[in-house]
>>> print(open('protein36.txt').read())   # compact mmCIF, C-alpha atoms
# COMPACT_ATOMS: atom_id res chain seq x y z
CA MET A 210 144.09 -10.49 29.61
CA VAL A 211 144.74 -12.41 32.82
CA LEU A 212 146.99 -9.62 34.09
CA GLU A 213 144.29 -7.04 33.33
CA GLN A 214 141.72 -9.09 35.26
CA LEU A 215 144.10 -9.41 38.17
CA LEU A 216 144.66 -5.64 38.23
CA TYR A 217 140.90 -5.03 38.18
CA THR A 218 140.44 -7.45 41.07
CA VAL A 219 143.18 -5.72 43.10
CA ALA A 220 141.71 -2.27 42.34
CA ILE A 221 138.20 -3.37 43.32
CA GLY A 222 139.60 -5.01 46.45
CA LEU A 223 141.40 -1.81 47.42
CA LEU A 224 138.29 0.25 46.72
CA LEU A 225 136.17 -2.05 48.88
CA PHE A 226 138.77 -1.81 51.64
CA LEU A 227 138.68 1.98 51.44
CA VAL A 228 134.88 1.99 51.54
CA PHE A 229 135.05 -0.29 54.58
CA LEU A 230 137.52 2.11 56.26
CA TRP A 231 135.24 5.10 55.51
CA ILE A 232 132.28 3.27 56.99
CA ILE A 233 134.29 2.50 60.14
CA ILE A 234 135.48 6.13 60.43
CA GLY A 235 131.96 7.45 59.81
CA TYR A 236 130.49 5.05 62.39
CA SER A 237 133.14 6.08 64.91
CA ILE A 238 132.41 9.80 64.34
CA VAL A 239 128.64 9.27 64.72
CA ILE A 240 129.10 7.17 67.87
CA ARG A 241 131.46 9.72 69.42
CA GLU A 242 129.08 12.56 68.60
CA PHE A 243 126.16 10.62 70.09
CA ARG A 244 128.18 9.73 73.20
CA TYR A 245 129.29 13.35 73.62
CA LYS A 246 125.67 14.56 73.40
CA THR A 247 124.46 11.90 75.85
CA ARG A 248 127.21 12.74 78.32
CA SER A 249 126.54 16.47 78.02
CA LYS A 250 122.88 15.75 78.81
CA ILE A 251 123.82 13.65 81.83
CA ASP A 252 126.17 16.45 82.96
CA ALA A 253 123.39 19.02 82.53
CA PHE A 254 120.92 16.82 84.44
CA PHE A 255 123.24 16.37 87.40
CA ILE A 256 124.34 20.03 87.40
CA GLU A 257 120.68 21.06 87.70
CA LYS A 258 119.77 18.36 90.19
CA LEU A 259 122.80 18.71 92.46
CA SER A 260 122.79 22.53 92.36
CA ALA A 261 119.17 22.45 93.50
CA GLU A 262 120.03 20.03 96.31
CA TYR A 263 122.98 22.11 97.53
CA MET A 264 120.93 25.32 97.30
CA LYS A 265 118.20 23.62 99.31
CA ASN A 266 120.81 22.78 101.98
CA ILE A 267 122.04 26.37 102.12
CA ALA A 268 118.45 27.64 102.27
CA LEU A 269 117.84 25.37 105.28
CA THR A 270 120.86 26.75 107.17
CA GLU A 271 120.07 30.34 106.21
CA GLN A 272 116.36 29.96 107.07
CA THR A 273 115.17 31.05 103.64
CA HIS A 274 112.71 29.42 101.28
CA PHE A 275 114.00 27.62 98.23
CA GLU A 276 112.19 25.70 95.49
CA LYS A 277 113.37 24.89 91.98
CA LYS A 278 111.85 22.43 89.54
CA GLN A 279 113.94 19.97 87.53
CA THR A 280 113.66 20.71 83.81
CA ILE A 281 116.02 18.09 82.35
CA SER A 282 115.30 14.36 82.55
CA ILE A 283 117.51 11.42 81.54
CA LYS A 284 117.28 7.63 81.29
CA LEU A 285 120.17 5.75 82.83
CA LYS A 286 119.40 2.21 81.69
CA ASN A 287 122.58 1.71 79.69
CA LYS A 288 125.48 0.47 81.85
CA ARG A 289 127.95 2.96 80.30
CA ARG A 290 125.63 5.83 81.26
CA LEU A 291 125.24 4.45 84.77
CA GLN A 292 128.99 4.26 85.13
CA TYR A 293 129.38 7.83 83.86
CA ALA A 294 126.67 9.10 86.23
CA SER A 295 128.26 7.28 89.19
CA ASN A 296 131.62 8.89 88.41
CA ILE A 297 129.99 12.34 88.40
CA LEU A 298 128.48 11.71 91.82
CA ILE A 299 131.82 10.49 93.22
CA ARG A 300 133.61 13.60 91.92
CA VAL A 301 130.96 15.94 93.29
CA GLN A 302 130.98 14.17 96.66
CA ASP A 303 134.76 14.61 96.78
CA ALA A 304 134.45 18.31 95.98
CA PHE A 305 131.56 19.45 98.18
CA ASP A 306 130.46 18.78 101.72
CA SER A 307 126.74 18.65 102.33
CA GLU A 308 124.63 19.15 105.44
CA ASN A 309 122.45 16.33 104.12
CA GLN A 310 124.72 13.27 104.39
CA GLU A 311 122.14 11.10 102.60
CA MET A 312 121.88 13.34 99.53
CA ILE A 313 124.12 11.28 97.22
CA VAL A 314 122.56 8.00 98.41
CA GLN A 315 119.08 9.40 97.71
CA LEU A 316 120.16 10.50 94.23
CA CYS A 317 121.58 7.03 93.54
CA GLU A 318 118.30 5.44 94.57
CA GLU A 319 116.15 7.88 92.57
CA ASN A 320 118.16 7.37 89.38
CA GLY A 321 118.54 3.60 89.44
CA ILE A 322 122.26 3.68 90.22
CA SER A 323 121.82 1.75 93.48
CA SER A 324 119.84 -1.06 91.87
CA ALA A 325 122.34 -1.32 89.00
CA ILE A 326 125.19 -1.63 91.54
CA ASP A 327 123.15 -4.27 93.42
CA ARG A 328 122.82 -6.32 90.25
CA LYS A 329 126.52 -5.95 89.41
CA ILE A 330 127.66 -7.03 92.85
CA SER A 331 125.79 -10.33 92.51
CA LYS A 332 127.36 -11.14 89.11
CA ARG A 333 129.80 -14.00 88.71
CA ASP A 334 132.28 -11.98 86.61
CA TRP A 335 135.02 -10.53 88.77
CA TYR A 336 135.38 -7.16 87.03
CA PRO A 337 131.80 -5.82 87.39
CA LYS A 338 131.73 -7.29 90.90
CA ALA A 339 134.89 -5.41 91.96
CA MET A 340 133.66 -2.25 90.23
CA ALA A 341 130.32 -2.47 92.08
CA ILE A 342 132.10 -2.83 95.43
CA TRP A 343 134.27 0.22 94.64
CA LEU A 344 131.18 2.26 93.70
CA SER A 345 129.35 1.09 96.84
CA TYR A 346 131.96 2.40 99.22
CA GLU A 347 132.72 5.55 97.22
CA LEU A 348 129.02 6.46 97.14
CA ASP A 349 128.34 5.34 100.74
CA LEU A 350 125.74 2.74 99.67
CA GLU A 351 125.72 0.91 102.98
CA GLY A 352 122.90 -1.37 101.81
CA ASN A 353 125.51 -3.46 99.98
CA LEU A 354 127.48 -4.17 103.14
CA PRO A 355 126.08 -7.73 103.62
CA HIS A 356 127.38 -8.65 100.12
CA ILE A 357 130.73 -6.96 100.70
CA LYS A 358 131.28 -8.78 104.02
CA ARG A 359 131.07 -12.13 102.28
CA LEU A 360 133.64 -11.19 99.64
CA THR A 361 136.68 -10.35 101.80
CA SER A 362 138.19 -13.80 101.09
CA HIS A 363 137.01 -14.11 97.46
CA LYS A 364 139.26 -16.15 95.16
CA ASN A 365 139.74 -13.17 92.82
CA ILE A 366 142.36 -10.72 94.07
CA LEU A 367 140.63 -7.55 92.80
CA VAL A 368 137.27 -8.52 94.32
CA ARG A 369 138.70 -9.35 97.73
CA ARG A 370 140.90 -6.22 97.75
CA GLU A 371 137.94 -3.95 97.05
CA ALA A 372 135.76 -5.84 99.55
CA GLN A 373 138.38 -5.40 102.27
CA ILE A 374 138.66 -1.67 101.55
CA GLY A 375 134.87 -1.42 101.44
CA LEU A 376 134.60 -2.98 104.87
CA VAL A 377 137.21 -0.56 106.23
CA CYS A 378 135.29 2.42 104.77
CA PHE A 379 131.98 1.33 106.27
CA TRP A 380 133.13 -0.13 109.57
CA GLY A 381 136.40 1.65 110.33
CA TRP A 382 138.30 -0.01 113.18
CA LYS A 383 135.55 -2.59 113.56
CA SER A 384 136.65 -4.02 110.20
CA LEU A 385 139.83 -5.33 111.86
CA LYS A 386 137.77 -8.22 113.16
CA MET A 387 137.89 -9.68 109.64
CA LEU A 388 141.67 -10.21 109.95
CA PRO A 389 141.62 -13.60 111.76
CA HIS A 390 139.31 -14.96 109.03
CA LEU A 391 141.26 -13.91 105.95
CA LYS A 392 142.48 -16.81 103.80
CA TYR A 393 144.70 -15.06 101.27
CA PRO A 394 147.84 -12.90 101.54
CA ILE A 395 147.45 -9.12 101.94
CA SER A 396 149.97 -7.34 99.73
CA LEU A 397 152.02 -4.43 101.09
CA TRP A 398 150.09 -2.06 98.80
CA GLN A 399 146.79 -3.32 100.18
CA GLN A 400 148.06 -2.91 103.75
CA ILE A 401 149.00 0.71 102.95
CA ARG A 402 145.52 1.34 101.46
CA ILE A 403 143.82 -0.04 104.58
CA ILE A 404 146.00 2.02 106.92
CA GLU A 405 145.51 5.22 104.89
CA LYS A 406 141.70 4.75 104.84
CA LEU A 407 141.74 4.44 108.63
CA VAL A 408 143.96 7.53 108.95
CA ASP A 409 141.69 9.57 106.65
CA TYR A 410 138.26 8.52 107.90
CA PHE A 411 138.79 7.06 111.40
CA PRO A 412 141.75 8.87 113.00
CA GLU A 413 140.69 7.87 116.54
CA PRO A 414 141.78 4.24 117.15
CA ASP A 415 139.15 1.87 118.61
CA LEU A 416 141.27 -0.61 120.55
CA THR A 417 138.37 -3.00 121.30
CA TYR A 418 138.60 -4.34 117.77
CA MET A 419 142.38 -4.20 117.81
CA GLU A 420 142.36 -6.68 120.72
CA LYS A 421 140.11 -9.03 118.74
CA ALA A 422 142.33 -8.76 115.67
CA LEU A 423 145.43 -9.69 117.68
CA LYS A 424 144.12 -13.29 117.79
CA THR A 425 144.97 -13.72 114.11
CA LYS A 426 147.54 -16.32 113.07
CA ASN A 427 147.69 -15.07 109.47
CA PRO A 428 151.23 -13.65 108.99
CA TYR A 429 149.97 -10.97 106.56
CA SER A 430 147.36 -9.81 109.06
CA ILE A 431 150.05 -9.63 111.76
CA GLU A 432 152.19 -7.48 109.44
CA LEU A 433 149.24 -5.17 108.87
CA LEU A 434 148.57 -4.92 112.61
CA ILE A 435 152.12 -4.01 113.54
CA ARG A 436 152.25 -1.41 110.76
CA LEU A 437 149.00 0.04 112.13
CA MET A 438 150.58 0.20 115.59
CA ARG A 439 153.43 2.27 114.14
CA ARG A 440 151.14 4.57 112.11
CA PHE A 441 148.94 5.34 115.12
CA ASP A 442 151.84 5.36 117.59
CA LEU A 443 150.23 2.68 119.79
CA LYS A 444 153.01 2.33 122.38
CA ALA A 445 150.89 -0.03 124.50
CA TYR A 446 151.44 -2.73 121.89
CA ILE A 447 155.27 -2.68 121.99
CA PRO A 448 155.32 -6.09 123.82
CA TYR A 449 153.18 -7.59 121.00
CA ILE A 450 155.60 -6.24 118.36
CA MET A 451 158.56 -7.60 120.36
CA GLU A 452 156.92 -11.04 120.39
CA GLN A 453 156.63 -10.97 116.60
CA ILE A 454 160.42 -10.70 116.16
CA GLN A 455 160.44 -14.42 116.94
CA HIS A 456 157.75 -15.19 114.37
CA PRO A 457 158.82 -18.09 112.09
CA ASN A 458 157.84 -16.06 109.00
CA SER A 459 160.88 -13.93 108.12
CA ASN A 460 158.75 -11.10 106.63
CA VAL A 461 156.79 -10.73 109.87
CA SER A 462 159.91 -10.83 112.00
CA GLN A 463 161.70 -8.29 109.79
CA THR A 464 158.66 -5.96 109.74
CA ALA A 465 158.41 -6.22 113.54
CA LEU A 466 162.03 -5.13 113.94
CA GLU A 467 161.58 -2.27 111.45
CA VAL A 468 158.43 -1.09 113.24
CA LEU A 469 160.12 -1.34 116.61
CA GLU A 470 162.81 1.07 115.38
CA SER A 471 160.23 3.86 115.30
CA PHE A 472 159.51 3.48 119.04
CA GLN A 473 161.77 4.27 121.99
CA LEU A 474 161.95 1.17 124.19
CA ASN A 475 162.65 1.46 127.92
CA ASN A 476 165.46 -0.37 129.73
CA VAL A 477 163.28 -3.25 130.92
CA GLN A 478 162.03 -3.91 127.40
CA LEU A 479 165.56 -3.79 126.03
CA GLN A 480 166.72 -6.27 128.69
CA GLN A 481 163.84 -8.60 127.75
CA LEU A 482 164.89 -8.42 124.14
CA GLU A 483 168.50 -9.13 125.08
CA ALA A 484 167.43 -12.17 127.07
CA GLN A 485 165.63 -13.55 124.01
CA LEU A 486 168.65 -13.02 121.77
CA MET A 487 169.68 -16.70 121.64
CA GLN A 488 166.20 -17.71 120.49
CA PHE A 489 166.46 -15.75 117.26
CA THR A 490 167.27 -18.33 114.64
CA LEU A 491 166.74 -16.51 111.34
CA GLU A 492 169.76 -15.43 109.28
CA ASN A 493 171.48 -12.25 110.60
CA GLN A 494 168.62 -11.77 113.06
CA GLN A 495 170.78 -11.85 116.19
CA LEU A 496 173.12 -9.27 114.66
CA LYS A 497 170.25 -6.97 113.64
CA VAL A 498 168.61 -7.19 117.08
CA THR A 499 171.97 -6.53 118.81
CA GLN A 500 172.48 -3.47 116.60
CA PHE A 501 168.94 -2.32 117.36
CA ILE A 502 169.48 -2.69 121.14
CA ALA A 503 172.77 -0.75 120.93
CA LEU A 504 171.16 2.09 119.00
CA GLN A 505 168.21 2.25 121.40
CA ARG A 506 170.59 2.39 124.40
CA ILE A 507 172.38 5.39 122.88
CA ALA A 508 169.03 7.15 122.52
CA ILE A 509 167.82 6.48 126.10
CA PRO A 510 168.39 9.75 128.04
CA LYS A 511 168.08 9.07 131.77
CA GLU A 512 166.70 5.96 133.42
CA THR A 513 164.47 5.96 136.47
CA PRO A 514 164.73 2.98 138.89
CA ASN A 515 161.44 1.39 137.64
CA GLY A 516 162.79 1.25 134.12
CA ASN A 517 160.69 4.06 132.57
CA SER A 518 162.59 6.65 130.61
CA MET B 119 125.61 47.95 93.44
CA LYS B 120 128.12 47.41 90.61
CA GLU B 121 128.15 43.90 89.12
CA LYS B 122 131.26 41.87 90.00
CA CYS B 123 132.77 39.19 87.79
CA ILE B 124 134.08 35.89 89.15
CA LEU B 125 136.17 33.38 87.24
CA ILE B 126 135.76 29.72 88.22
CA VAL B 127 138.59 27.50 86.98
CA ASN B 128 138.08 23.75 87.21
CA GLN B 129 138.71 20.89 84.81
CA ASP B 130 135.45 19.29 85.91
CA ILE B 131 132.54 21.10 84.27
CA VAL B 132 129.99 19.60 86.69
CA VAL B 133 131.87 20.83 89.77
CA ALA B 134 132.45 24.29 88.23
CA SER B 135 128.81 24.64 87.13
CA ILE B 136 127.44 23.59 90.53
CA MET B 137 129.65 26.25 92.14
CA LYS B 138 128.34 28.82 89.67
CA HIS B 139 124.67 27.90 90.24
CA VAL B 140 124.94 27.85 94.01
CA LEU B 141 126.91 31.10 94.26
CA THR B 142 124.76 32.97 91.73
CA ASP B 143 123.53 36.30 92.97
CA HIS B 144 121.81 39.23 91.24
CA ASN B 145 124.98 41.32 91.17
CA LEU B 146 127.47 38.60 90.28
CA ASP B 147 128.55 37.46 86.85
CA PHE B 148 130.40 34.15 86.43
CA LYS B 149 132.85 32.84 83.84
CA ILE B 150 133.97 29.21 83.72
CA ALA B 151 137.31 27.96 82.37
CA GLN B 152 138.39 24.33 82.12
CA HIS B 153 141.75 24.87 80.45
CA PHE B 154 144.60 27.35 80.83
CA SER B 155 144.07 28.72 77.31
CA THR B 156 140.47 29.61 78.27
CA VAL B 157 141.75 31.37 81.41
CA GLU B 158 144.07 33.47 79.23
CA GLU B 159 141.21 34.29 76.83
CA VAL B 160 138.85 35.34 79.62
CA LEU B 161 141.49 37.50 81.30
CA GLU B 162 142.22 39.25 77.98
CA LYS B 163 138.58 40.14 77.39
CA GLN B 164 137.12 40.65 80.83
CA HIS B 165 137.82 42.43 84.08
CA ILE B 166 137.82 39.84 86.91
CA ASP B 167 137.15 40.68 90.57
CA LEU B 168 137.84 37.26 92.11
CA ILE B 169 139.12 33.84 91.02
CA ILE B 170 138.11 30.48 92.45
CA THR B 171 140.49 27.92 91.02
CA ASP B 172 141.52 24.32 91.40
CA LEU B 173 145.21 23.77 92.12
CA ILE B 174 145.67 21.58 89.06
CA ILE B 175 144.72 22.82 85.62
CA ASP B 176 145.23 21.46 82.11
CA GLY B 177 147.84 23.29 80.08
CA LEU B 178 150.29 24.60 82.71
CA SER B 179 152.12 23.44 85.83
CA THR B 180 150.67 24.54 89.19
CA ASN B 181 153.54 26.86 90.19
CA GLU B 182 153.63 28.59 86.80
CA TYR B 183 149.85 28.91 86.79
CA ILE B 184 149.59 30.52 90.25
CA SER B 185 152.54 32.85 89.46
CA PHE B 186 150.83 33.80 86.18
CA LEU B 187 147.60 34.70 88.01
CA ASN B 188 149.45 36.75 90.62
CA LYS B 189 151.41 38.67 87.98
CA LYS B 190 148.43 39.22 85.72
CA LEU B 191 146.02 40.21 88.49
CA PRO B 192 148.12 41.44 91.43
CA ASN B 193 145.25 42.86 93.50
CA VAL B 194 142.61 40.26 92.75
CA PRO B 195 141.82 37.69 95.49
CA ILE B 196 142.51 34.11 94.44
CA LEU B 197 140.83 31.23 96.26
CA VAL B 198 142.70 28.00 95.57
CA THR B 199 140.84 24.75 96.19
CA SER B 200 142.53 21.36 96.38
CA HIS B 201 142.33 17.87 97.85
CA MET B 202 146.01 18.12 98.76
CA ASP B 203 145.50 19.49 102.25
CA HIS B 204 149.14 19.45 103.38
CA THR B 205 150.83 22.23 105.32
CA SER B 206 153.80 22.29 102.92
CA ILE B 207 151.50 22.78 99.91
CA LYS B 208 149.54 25.55 101.67
CA GLU B 209 152.76 27.33 102.60
CA GLU B 210 154.18 26.99 99.10
CA ILE B 211 151.02 28.44 97.59
CA GLU B 212 150.95 31.31 100.06
CA LEU B 213 154.58 32.07 99.14
CA LEU B 214 153.45 32.44 95.56
CA GLY B 215 151.15 35.21 96.71
CA THR B 216 147.77 33.49 96.75
CA THR B 217 145.19 34.88 99.10
CA THR B 218 143.41 31.81 100.47
CA PHE B 219 143.78 28.05 100.31
CA ILE B 220 140.52 26.08 100.71
CA PRO B 221 140.81 22.32 101.25
CA LEU B 222 138.32 20.04 99.52
CA PRO B 223 135.64 18.87 100.18
CA LEU B 224 134.33 22.37 100.88
CA LYS B 225 131.01 23.61 102.24
CA LEU B 226 129.30 25.76 99.62
CA SER B 227 127.66 27.89 102.31
CA THR B 228 131.14 28.71 103.69
CA LEU B 229 132.41 29.50 100.20
CA LYS B 230 129.45 31.83 99.69
CA THR B 231 130.27 33.71 102.89
CA THR B 232 134.00 33.90 102.01
CA LEU B 233 133.09 35.25 98.60
CA LYS B 234 130.88 38.00 100.07
CA ASN B 235 133.62 38.94 102.53
CA TYR B 236 136.18 39.35 99.77
CA LEU B 237 133.92 41.23 97.38
CA TRP B 238 132.06 43.58 99.65
CA SER B 239 134.06 43.93 102.85
>>> encode(input="protein36.txt", output="structure tokens")
Amino acid sequence: MVLEQLLYTVAIGLLLFLVFLWIIIGYSIVIREFRYKTRSKIDAFFIEKLSAEYMKNIALTEQTHFEKKQTISIKLKNKRRLQYASNILIRVQDAFDSENQEMIVQLCEENGISSAIDRKISKRDWYPKAMAIWLSYELDLEGNLPHIKRLTSHKNILVRREAQIGLVCFWGWKSLKMLPHLKYPISLWQQIRIIEKLVDYFPEPDLTYMEKALKTKNPYSIELLIRLMRRFDLKAYIPYIMEQIQHPNSNVSQTALEVLESFQLNNVQLQQLEAQLMQFTLENQQLKVTQFIALQRIAIPKETPNGNS
Amino acid sequence: MKEKCILIVNQDIVVASIMKHVLTDHNLDFKIAQHFSTVEEVLEKQHIDLIITDLIIDGLSTNEYISFLNKKLPNVPILVTSHMDHTSIKEEIELLGTTTFIPLPLKLSTLKTTLKNYLWS
């Protein structure tokens, strides 16, 4: 009798578990279906809206008349939908160039994306904050720049990384003036991101801000600067790079020597380096610099009396 | 004028549809494919006069995909769009026989003109 009762209990338990699983599966199917429909509607809305905007642009350049009314409307109050809509705009902006540079910004304002990003950027949680900074610079929402400026030395690594990239995207070379004020290390990956953003969007160096940035004492900022000098082939800064070989931080000194290898130094500069040889105190540094000088001498073709090759 | 058919291949339905809407003309018919299997299906059923395709597509590697298009449609112009605007990539694609490489982001007005040149020149 007891065994029978136990079996019944186990069977009912299993049945209830199965029912629970079916409910979960059913709920998941309904949610996915609903999400798919919502996303398709958002897609359709933006296809109609953006096509009309791009056609308007073409009509302006071709001097023809264009007018098309929007037939689909959506509500973007839910944060998932806002995120989805923002991603669409970023993808479209990456795919098409527009005569109207403000088009995406206007769309963000009209559809509540800008205000949602504003709210997110002021949140205490690091994840939505970092996400909002990323969206701001990807969508060119320059209105958020005052917030972003304040976050370049935020205690959370993701927030400060995105804020630094944001500042580079909005300000270009002017953003280098943040370097003397940075409190935290800048990883190699972050340095590469900053340099690549400058290469992509601001290929013409603005040396006014470079001069200001050279005042930095932060070893990570110095590393970034000397890597920038190599990437943009700024030969005028070879003396600055040479100075950094003596930097007490071994990473800075090693980076300086590596960067220097990509330039051809003249005889005077090589003599200066040779004269400083005894001051190099870090392990193997004298040997590395001696090797470097020897290799550079082999590469020097013909020397003029004033030392320029 | 005889209606021409254009195949737009892009994994992103929004990007492909915007292209279709903006390029729409009274004597142009458009087909959209987001996956390689759809490309195969369309090419089986329909005569295509021009292809605008992204370099990367779901279902096949880039080299195999471009070679497939060139073998299947030897005289059809193929406009390849991509963010990877490197000389080596352009050259490699041209070696595979593709007509034109268009770096992204592209101007839709320019694409419209290019399209007209290929179809009616």
>>> residues_near_point(input="protein36.txt", point="(139.5, 22.5, 103.9)", cutoff="12 Å", atoms="only C-alpha atoms", output="list in words")
Asp303, Ala304, Phe305 and Asp306 of chain A; Leu197, Val198, Thr199, Ser200, His201, Met202, Asp203, His204, Thr205, Lys208, Thr218, Phe219, Ile220, Pro221, Leu222, Pro223, Leu224, Lys225, Leu226, Thr228 and Leu229 of chain B
>>> atom_distance(input="protein36.txt", atom1="CA of Leu173 in chain B", atom2="CA of Leu125 in chain B")
14.1 Å
>>> atom_distance(input="protein36.txt", atom1="CA of Leu433 in chain A", atom2="CA of Ile404 in chain A")
8.1 Å
>>> atom_distance(input="protein36.txt", atom1="CA of Asp172 in chain B", atom2="CA of Pro412 in chain A")
26.6 Å
>>> interface_residues(input="protein36.txt", of="chain A", to="chain B", cutoff="12 Å", atoms="all atoms listed in the file", output="NGL selection string")
:A and (248-271 or 275 or 277 or 294 or 296-309 or 409)
>>> residues_around(input="protein36.txt", residues="range 372-388 of chain A", least_positions_apart="4", cutoff="8 Å", atoms="all atoms listed in the file", output="list in words")
Ala339, Ile342, Trp343, Ser345, Tyr346, Asp349, Glu351, Leu354, Ile357, Lys358, Leu360, Thr361, Val368, Arg402, Ile403, Lys406, Leu407, Tyr410, Phe411, Pro414, Asp415, Leu416, Tyr418, Met419, Lys421, Ala422, Thr425, Asn427 and Ser430 of chain A
>>> write_last_selection(input="protein36.txt", atoms="C-alpha atoms", output="PDB file, in the frame of the given file")
ATOM      1  CA  ALA A 339     134.890  -5.410  91.960  1.00  0.00           C
ATOM      2  CA  ILE A 342     132.100  -2.830  95.430  1.00  0.00           C
ATOM      3  CA  TRP A 343     134.270   0.220  94.640  1.00  0.00           C
ATOM      4  CA  SER A 345     129.350   1.090  96.840  1.00  0.00           C
ATOM      5  CA  TYR A 346     131.960   2.400  99.220  1.00  0.00           C
ATOM      6  CA  ASP A 349     128.340   5.340 100.740  1.00  0.00           C
ATOM      7  CA  GLU A 351     125.720   0.910 102.980  1.00  0.00           C
ATOM      8  CA  LEU A 354     127.480  -4.170 103.140  1.00  0.00           C
ATOM      9  CA  ILE A 357     130.730  -6.960 100.700  1.00  0.00           C
ATOM     10  CA  LYS A 358     131.280  -8.780 104.020  1.00  0.00           C
ATOM     11  CA  LEU A 360     133.640 -11.190  99.640  1.00  0.00           C
ATOM     12  CA  THR A 361     136.680 -10.350 101.800  1.00  0.00           C
ATOM     13  CA  VAL A 368     137.270  -8.520  94.320  1.00  0.00           C
ATOM     14  CA  ARG A 402     145.520   1.340 101.460  1.00  0.00           C
ATOM     15  CA  ILE A 403     143.820  -0.040 104.580  1.00  0.00           C
ATOM     16  CA  LYS A 406     141.700   4.750 104.840  1.00  0.00           C
ATOM     17  CA  LEU A 407     141.740   4.440 108.630  1.00  0.00           C
ATOM     18  CA  TYR A 410     138.260   8.520 107.900  1.00  0.00           C
ATOM     19  CA  PHE A 411     138.790   7.060 111.400  1.00  0.00           C
ATOM     20  CA  PRO A 414     141.780   4.240 117.150  1.00  0.00           C
ATOM     21  CA  ASP A 415     139.150   1.870 118.610  1.00  0.00           C
ATOM     22  CA  LEU A 416     141.270  -0.610 120.550  1.00  0.00           C
ATOM     23  CA  TYR A 418     138.600  -4.340 117.770  1.00  0.00           C
ATOM     24  CA  MET A 419     142.380  -4.200 117.810  1.00  0.00           C
ATOM     25  CA  LYS A 421     140.110  -9.030 118.740  1.00  0.00           C
ATOM     26  CA  ALA A 422     142.330  -8.760 115.670  1.00  0.00           C
ATOM     27  CA  THR A 425     144.970 -13.720 114.110  1.00  0.00           C
ATOM     28  CA  ASN A 427     147.690 -15.070 109.470  1.00  0.00           C
ATOM     29  CA  SER A 430     147.360  -9.810 109.060  1.00  0.00           C
TER      30      SER A 430
END
>>> residues_around(input="protein36.txt", residues="Val314 in chain A", least_positions_apart="3", cutoff="10 Å", atoms="all atoms listed in the file", output="VMD selection string")
chain A and resid 298 310 to 311 317 to 319 322 to 323 345 348 to 352
>>> residues_around(input="protein36.txt", residues="Ala508 in chain A", least_positions_apart="6", cutoff="10 Å", atoms="all atoms listed in the file", output="list in words")
Gln473, Leu474 and Ile502 of chain A
>>> residues_around(input="protein36.txt", residues="Tyr183 in chain B", least_positions_apart="6", cutoff="12 Å", atoms="only C-alpha atoms", output="list in words")
Val127, His153, Phe154, Ser155, Val157, Glu158, Thr171, Asp172, Leu173, Ile174, Ile175, Asp176, Gly177, Lys189, Lys190, Ile196, Val198, Ile211, Leu214, Gly215 and Thr216 of chain B
>>> write_last_selection(input="protein36.txt", atoms="C-alpha atoms", output="mmCIF file, keeping the file's coordinate frame")
data_model
loop_
_atom_site.group_PDB
_atom_site.id
_atom_site.type_symbol
_atom_site.label_atom_id
_atom_site.label_comp_id
_atom_site.auth_asym_id
_atom_site.auth_seq_id
_atom_site.Cartn_x
_atom_site.Cartn_y
_atom_site.Cartn_z
ATOM 1 C CA VAL B 127 138.590 27.500 86.980
ATOM 2 C CA HIS B 153 141.750 24.870 80.450
ATOM 3 C CA PHE B 154 144.600 27.350 80.830
ATOM 4 C CA SER B 155 144.070 28.720 77.310
ATOM 5 C CA VAL B 157 141.750 31.370 81.410
ATOM 6 C CA GLU B 158 144.070 33.470 79.230
ATOM 7 C CA THR B 171 140.490 27.920 91.020
ATOM 8 C CA ASP B 172 141.520 24.320 91.400
ATOM 9 C CA LEU B 173 145.210 23.770 92.120
ATOM 10 C CA ILE B 174 145.670 21.580 89.060
ATOM 11 C CA ILE B 175 144.720 22.820 85.620
ATOM 12 C CA ASP B 176 145.230 21.460 82.110
ATOM 13 C CA GLY B 177 147.840 23.290 80.080
ATOM 14 C CA LYS B 189 151.410 38.670 87.980
ATOM 15 C CA LYS B 190 148.430 39.220 85.720
ATOM 16 C CA ILE B 196 142.510 34.110 94.440
ATOM 17 C CA VAL B 198 142.700 28.000 95.570
ATOM 18 C CA ILE B 211 151.020 28.440 97.590
ATOM 19 C CA LEU B 214 153.450 32.440 95.560
ATOM 20 C CA GLY B 215 151.150 35.210 96.710
ATOM 21 C CA THR B 216 147.770 33.490 96.750
#
